[in-house]
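First the structure, in the form of structure tokens, and then the observations on it.
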Amino acid sequence: MANPIPQRRRTHHVFLSFRGEDTRHTFTHHLYSKLKQRGIVTFMDNQGLKRGQEIAPELLRAIEESLFSIVVVSENYGSSTWCLEEVKKIVECRKVHGMGVFPVFYGVDPSDVRHQRGSFAEAFAKHEERFGEEKVRGWREALTQLANLSGWESKGRDEGELIESIVDGVWTNLRPKLPSTFDILSGIDSKVEEMNVRVREGLENFYKKGDDTGKPRKFCCFSI
């Protein structure tokens, strides 16, 4: 029998993957703000990487420690090796750890993403020249798997309404995974009851021992 997959530490509800030059200060910023308003703890990298830098280990760890990922696939998403490494890691976490993944096709056709057509075809042709087919194949497969998932398309939709729909969808999936108020209160009640039992036992022993003269102490007029 295979060993069960160990539970990972979760530090974020959602990891946001996006092409900074396309949507950092527009759509993704507004989406992040709405998620935050709803109380959804979201990781959004605000620093970015300089050209030529590799993806930071902290970023990959943030993906691993998130329950869900929202991938905002925009026109130039495929041109960023950083974004492609993120989506490869996200697809891996979906398979291994059961991460929930929500693609948002921002200004692009899911079919073009799935089959790497248009701007994605151009981007991958350049990647293959630089990195070779083997490395790029992993990025292609990850992007194809992402595009096969159910998500949202921005074309023909009001941006504010789209963002509200995304936040509602994430919240619907997230809520069952959060500890309920009843569970929290039940845990508190059990601790309080345990403390009361210990206090009662201590008082009973105190009165049974008696005072300095050996006479039993009288009970005070309070109860616990």
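Residues in the structure tokens are named by chain (A, B, ... in the order shown) and by number from 1 within that chain; ligands are numbered from 1 in the order shown.
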### Task
as a ChimeraX atom specification, list the residues of region 1-125 of chain A assigned to strand (DSSP E) by DSSP on the backbone atoms of this structure.
/A:12-18,42-43,66-73,100-105
Could you dump the residues just selected with N, CA, C and O atoms as a short mmCIF file (atom, residue, chain, number, x, y, z; two decimals), in the first residue's frame?
```cif
data_model
loop_
_atom_site.label_atom_id
_atom_site.label_comp_id
_atom_site.auth_asym_id
_atom_site.auth_seq_id
_atom_site.Cartn_x
_atom_site.Cartn_y
_atom_site.Cartn_z
N HIS A 12 -1.04 30.44 2.57
CA HIS A 12 -1.89 31.31 1.75
C HIS A 12 -3.10 30.52 1.27
O HIS A 12 -3.01 29.32 1.03
N HIS A 13 -4.19 31.21 1.12
CA HIS A 13 -5.35 30.60 0.48
C HIS A 13 -5.14 30.51 -1.03
O HIS A 13 -5.48 29.51 -1.64
N VAL A 14 -4.59 31.56 -1.60
CA VAL A 14 -4.48 31.65 -3.07
C VAL A 14 -3.10 32.16 -3.48
O VAL A 14 -2.56 33.09 -2.86
N PHE A 15 -2.56 31.57 -4.53
CA PHE A 15 -1.35 32.07 -5.19
C PHE A 15 -1.78 32.66 -6.53
O PHE A 15 -2.45 31.99 -7.32
N LEU A 16 -1.36 33.90 -6.80
CA LEU A 16 -1.68 34.57 -8.07
C LEU A 16 -0.49 34.48 -9.02
O LEU A 16 0.59 34.96 -8.73
N SER A 17 -0.71 33.86 -10.19
CA SER A 17 0.32 33.81 -11.23
C SER A 17 -0.13 34.71 -12.37
O SER A 17 -1.26 34.59 -12.85
N PHE A 18 0.76 35.59 -12.83
CA PHE A 18 0.38 36.56 -13.86
C PHE A 18 1.62 37.12 -14.53
O PHE A 18 2.73 37.02 -13.99
N THR A 42 -4.02 36.05 0.00
CA THR A 42 -3.51 35.84 -1.35
C THR A 42 -2.06 36.26 -1.48
O THR A 42 -1.67 37.33 -1.01
N PHE A 43 -1.27 35.40 -2.12
CA PHE A 43 0.13 35.74 -2.40
C PHE A 43 0.21 36.34 -3.79
O PHE A 43 -0.15 35.73 -4.78
N SER A 66 0.11 27.08 -0.84
CA SER A 66 -1.19 27.69 -1.12
C SER A 66 -2.23 26.60 -1.41
O SER A 66 -1.91 25.57 -2.00
N LEU A 67 -3.46 26.85 -1.00
CA LEU A 67 -4.54 25.91 -1.27
C LEU A 67 -4.99 25.96 -2.72
O LEU A 67 -5.34 24.94 -3.31
N PHE A 68 -5.00 27.16 -3.28
CA PHE A 68 -5.47 27.36 -4.65
C PHE A 68 -4.49 28.25 -5.42
O PHE A 68 -3.72 29.00 -4.81
N SER A 69 -4.59 28.18 -6.73
CA SER A 69 -3.85 29.10 -7.60
C SER A 69 -4.80 29.68 -8.63
O SER A 69 -5.65 28.96 -9.18
N ILE A 70 -4.66 30.97 -8.86
CA ILE A 70 -5.35 31.64 -9.96
C ILE A 70 -4.28 32.01 -10.98
O ILE A 70 -3.32 32.72 -10.64
N VAL A 71 -4.42 31.53 -12.20
CA VAL A 71 -3.43 31.81 -13.24
C VAL A 71 -4.07 32.75 -14.27
O VAL A 71 -4.99 32.36 -14.99
N VAL A 72 -3.59 33.99 -14.30
CA VAL A 72 -4.10 34.98 -15.24
C VAL A 72 -3.27 34.88 -16.52
O VAL A 72 -2.15 35.40 -16.59
N VAL A 73 -3.82 34.20 -17.53
CA VAL A 73 -3.10 33.98 -18.78
C VAL A 73 -3.42 35.13 -19.73
O VAL A 73 -4.53 35.25 -20.23
N GLY A 100 -6.27 23.34 -5.89
CA GLY A 100 -7.30 23.83 -6.80
C GLY A 100 -6.71 24.89 -7.72
O GLY A 100 -6.03 25.80 -7.26
N VAL A 101 -6.96 24.77 -9.01
CA VAL A 101 -6.36 25.68 -10.00
C VAL A 101 -7.47 26.33 -10.84
O VAL A 101 -8.32 25.63 -11.41
N PHE A 102 -7.43 27.66 -10.92
CA PHE A 102 -8.43 28.41 -11.67
C PHE A 102 -7.75 29.26 -12.75
O PHE A 102 -7.09 30.25 -12.44
N PRO A 103 -7.88 28.90 -14.03
CA PRO A 103 -7.32 29.74 -15.07
C PRO A 103 -8.25 30.90 -15.43
O PRO A 103 -9.48 30.74 -15.43
N VAL A 104 -7.66 32.04 -15.69
CA VAL A 104 -8.40 33.20 -16.19
C VAL A 104 -7.76 33.59 -17.52
O VAL A 104 -6.58 33.95 -17.56
N PHE A 105 -8.52 33.48 -18.59
CA PHE A 105 -7.99 33.78 -19.92
C PHE A 105 -8.30 35.25 -20.23
O PHE A 105 -9.41 35.60 -20.62
#
```
### Message
Need the shell around Gly160 (chain A): protein/DNA/RNA residues with any atom at most 9 Å away, counting only C-alpha atoms. Skip same-chain ones fewer than 3 positions apart. Format as a PyMOL selection string?
### Response
chain A and resi 30-31+157+163-165
### Task
Can you pull out every residue within 10 Å of Arg38 (chain A), counting only C-alpha atoms, but drop anything in the same chain fewer than 6 positions away, and send it as a PyMOL selection string?
chain A and resi 167-168+171
### Top pick for closest residue to Val136 (chain A), considering A:Glu153, A:Gly98, A:Glu85, A:Pro176 and counting only C-alpha atoms
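Smallest separation from Val136 (chain A) among the options: A:Glu85.
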### Query
Interatomic distance between CA of Arg10 (chain A) and CA of Lys177 (chain A)?
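One can read the CA of Arg10 (chain A) to CA of Lys177 (chain A) distance as 11.5 Å.
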### Message
Here is a test: counting only C-alpha atoms, which residue of A:His97, A:Lys126, A:Arg24, A:Arg140 is nearest to Val113 (chain A)?
### Response
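That would be A:Arg140, the residue with the smallest distance to Val113 (chain A).
Candidate residues A:Val108, A:Leu143, A:Ala123, A:Val96 were compared for distance to Glu75 (chain A), and the nearest is A:Val108, using only C-alpha atoms.
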### Task
Enter the distance from CA of Ala125 (chain A) to CA of Trp139 (chain A), in Å, rounded to one decimal.
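Separating CA of Ala125 (chain A) from CA of Trp139 (chain A) is a distance of 12.2 Å.
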### Message
I need the residue nearest Cys93 (chain A) from this list: A:Leu178, A:Leu35, A:Leu162, A:Ala62. Use only C-alpha atoms for the distance.
### Response
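Among the listed residues, A:Ala62 lies closest to Cys93 (chain A).
If only C-alpha atoms are the atoms counted, then among A:Gly20, A:Gly78, A:Gly39, A:Pro57 the closest residue to Gly118 (chain A) is A:Gly78.
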### Å distance separating CA of Ile90 (chain A) from CA of Glu133 (chain A), one decimal place
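Answer for the CA of Ile90 (chain A) to CA of Glu133 (chain A) separation: 20.9 Å.
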### Task
Based on DSSP run over this structure's backbone, return all residues of region 23-95 of chain A in helix (DSSP H, G or I), as number ranges by chain.
A: 23, 27-37, 57-64, 77-79, 81-95
Could those selected residues go to a file with N, CA, C and O atoms, as a short mmCIF file (atom, residue, chain, number, x, y, z; two decimals), in the first residue's frame?
```cif
data_model
loop_
_atom_site.label_atom_id
_atom_site.label_comp_id
_atom_site.auth_asym_id
_atom_site.auth_seq_id
_atom_site.Cartn_x
_atom_site.Cartn_y
_atom_site.Cartn_z
N THR A 23 -0.56 42.79 -16.69
CA THR A 23 -1.73 43.01 -15.83
C THR A 23 -1.43 43.42 -14.39
O THR A 23 -2.36 43.56 -13.59
N PHE A 27 -5.75 44.62 -14.15
CA PHE A 27 -6.66 43.54 -13.79
C PHE A 27 -6.21 42.78 -12.54
O PHE A 27 -7.00 42.57 -11.62
N THR A 28 -4.95 42.33 -12.51
CA THR A 28 -4.48 41.52 -11.39
C THR A 28 -4.50 42.31 -10.09
O THR A 28 -4.83 41.77 -9.02
N HIS A 29 -4.15 43.59 -10.16
CA HIS A 29 -4.19 44.44 -8.97
C HIS A 29 -5.61 44.54 -8.42
O HIS A 29 -5.84 44.42 -7.20
N HIS A 30 -6.59 44.73 -9.31
CA HIS A 30 -7.98 44.84 -8.88
C HIS A 30 -8.49 43.51 -8.33
O HIS A 30 -9.23 43.48 -7.34
N LEU A 31 -8.08 42.41 -8.96
CA LEU A 31 -8.48 41.08 -8.49
C LEU A 31 -7.90 40.81 -7.09
O LEU A 31 -8.61 40.33 -6.19
N TYR A 32 -6.64 41.15 -6.91
CA TYR A 32 -5.98 40.96 -5.61
C TYR A 32 -6.71 41.76 -4.52
O TYR A 32 -6.95 41.26 -3.41
N SER A 33 -7.09 42.99 -4.83
CA SER A 33 -7.78 43.84 -3.86
C SER A 33 -9.11 43.24 -3.44
O SER A 33 -9.48 43.25 -2.26
N LYS A 34 -9.84 42.70 -4.40
CA LYS A 34 -11.14 42.11 -4.10
C LYS A 34 -11.00 40.82 -3.28
O LYS A 34 -11.80 40.55 -2.38
N LEU A 35 -9.99 40.02 -3.60
CA LEU A 35 -9.74 38.81 -2.81
C LEU A 35 -9.42 39.18 -1.37
O LEU A 35 -9.91 38.56 -0.42
N LYS A 36 -8.59 40.20 -1.21
CA LYS A 36 -8.20 40.65 0.12
C LYS A 36 -9.41 41.16 0.90
O LYS A 36 -9.55 40.89 2.10
N GLN A 37 -10.29 41.91 0.22
CA GLN A 37 -11.50 42.43 0.88
C GLN A 37 -12.39 41.30 1.38
O GLN A 37 -13.05 41.42 2.42
N PRO A 57 13.34 30.56 -5.24
CA PRO A 57 12.82 29.41 -4.48
C PRO A 57 11.65 29.80 -3.59
O PRO A 57 10.75 29.00 -3.36
N GLU A 58 11.65 31.04 -3.08
CA GLU A 58 10.58 31.50 -2.21
C GLU A 58 9.25 31.50 -2.96
O GLU A 58 8.19 31.25 -2.38
N LEU A 59 9.32 31.78 -4.27
CA LEU A 59 8.10 31.82 -5.07
C LEU A 59 7.54 30.42 -5.27
O LEU A 59 6.32 30.20 -5.18
N LEU A 60 8.41 29.47 -5.53
CA LEU A 60 7.97 28.08 -5.67
C LEU A 60 7.41 27.55 -4.35
O LEU A 60 6.44 26.80 -4.34
N ARG A 61 8.04 27.96 -3.24
CA ARG A 61 7.54 27.54 -1.93
C ARG A 61 6.16 28.14 -1.65
O ARG A 61 5.29 27.49 -1.06
N ALA A 62 5.95 29.38 -2.08
CA ALA A 62 4.64 30.03 -1.89
C ALA A 62 3.55 29.27 -2.65
O ALA A 62 2.42 29.16 -2.18
N ILE A 63 3.90 28.75 -3.82
CA ILE A 63 2.94 27.94 -4.58
C ILE A 63 2.60 26.68 -3.79
O ILE A 63 1.43 26.32 -3.63
N GLU A 64 3.62 26.00 -3.29
CA GLU A 64 3.41 24.75 -2.54
C GLU A 64 2.56 24.97 -1.30
O GLU A 64 1.83 24.07 -0.88
N TYR A 77 1.89 36.04 -21.61
CA TYR A 77 2.20 35.10 -20.52
C TYR A 77 3.22 34.06 -20.96
O TYR A 77 4.17 33.73 -20.24
N GLY A 78 3.05 33.54 -22.17
CA GLY A 78 3.93 32.49 -22.66
C GLY A 78 5.35 32.93 -22.96
O GLY A 78 6.25 32.10 -23.10
N SER A 79 5.57 34.24 -23.05
CA SER A 79 6.92 34.74 -23.34
C SER A 79 7.80 34.79 -22.10
O SER A 79 9.01 34.96 -22.20
N THR A 81 9.57 32.99 -19.12
CA THR A 81 9.99 31.68 -18.59
C THR A 81 9.64 31.57 -17.12
O THR A 81 9.39 30.46 -16.62
N TRP A 82 9.64 32.71 -16.44
CA TRP A 82 9.25 32.75 -15.04
C TRP A 82 7.80 32.27 -14.88
O TRP A 82 7.49 31.41 -14.05
N CYS A 83 6.88 32.82 -15.69
CA CYS A 83 5.48 32.41 -15.64
C CYS A 83 5.33 30.93 -15.99
O CYS A 83 4.53 30.21 -15.37
N LEU A 84 6.10 30.47 -16.96
CA LEU A 84 6.01 29.07 -17.38
C LEU A 84 6.50 28.13 -16.28
O LEU A 84 5.96 27.04 -16.10
N GLU A 85 7.52 28.54 -15.56
CA GLU A 85 7.98 27.72 -14.43
C GLU A 85 6.93 27.69 -13.32
O GLU A 85 6.73 26.67 -12.67
N GLU A 86 6.26 28.84 -13.13
CA GLU A 86 5.19 28.88 -12.14
C GLU A 86 4.06 27.92 -12.51
O GLU A 86 3.61 27.14 -11.67
N VAL A 87 3.60 27.99 -13.76
CA VAL A 87 2.47 27.16 -14.15
C VAL A 87 2.85 25.68 -14.15
O VAL A 87 2.01 24.82 -13.83
N LYS A 88 4.09 25.38 -14.45
CA LYS A 88 4.56 23.99 -14.37
C LYS A 88 4.49 23.49 -12.93
O LYS A 88 4.04 22.36 -12.67
N LYS A 89 4.91 24.33 -11.98
CA LYS A 89 4.86 23.97 -10.56
C LYS A 89 3.41 23.86 -10.09
O LYS A 89 3.06 22.95 -9.30
N ILE A 90 2.56 24.74 -10.55
CA ILE A 90 1.15 24.74 -10.15
C ILE A 90 0.46 23.46 -10.62
O ILE A 90 -0.27 22.82 -9.86
N VAL A 91 0.71 23.07 -11.86
CA VAL A 91 0.12 21.84 -12.39
C VAL A 91 0.64 20.62 -11.61
O VAL A 91 -0.10 19.68 -11.34
N GLU A 92 1.91 20.66 -11.24
CA GLU A 92 2.49 19.58 -10.43
C GLU A 92 1.80 19.49 -9.07
O GLU A 92 1.47 18.39 -8.60
N CYS A 93 1.59 20.64 -8.43
CA CYS A 93 0.93 20.66 -7.12
C CYS A 93 -0.52 20.21 -7.22
O CYS A 93 -1.06 19.61 -6.28
N ARG A 94 -1.16 20.50 -8.32
CA ARG A 94 -2.53 20.02 -8.53
C ARG A 94 -2.56 18.50 -8.56
O ARG A 94 -3.44 17.87 -7.96
N LYS A 95 -1.59 17.92 -9.24
CA LYS A 95 -1.55 16.47 -9.39
C LYS A 95 -1.13 15.78 -8.09
O LYS A 95 -1.72 14.77 -7.70
#
```
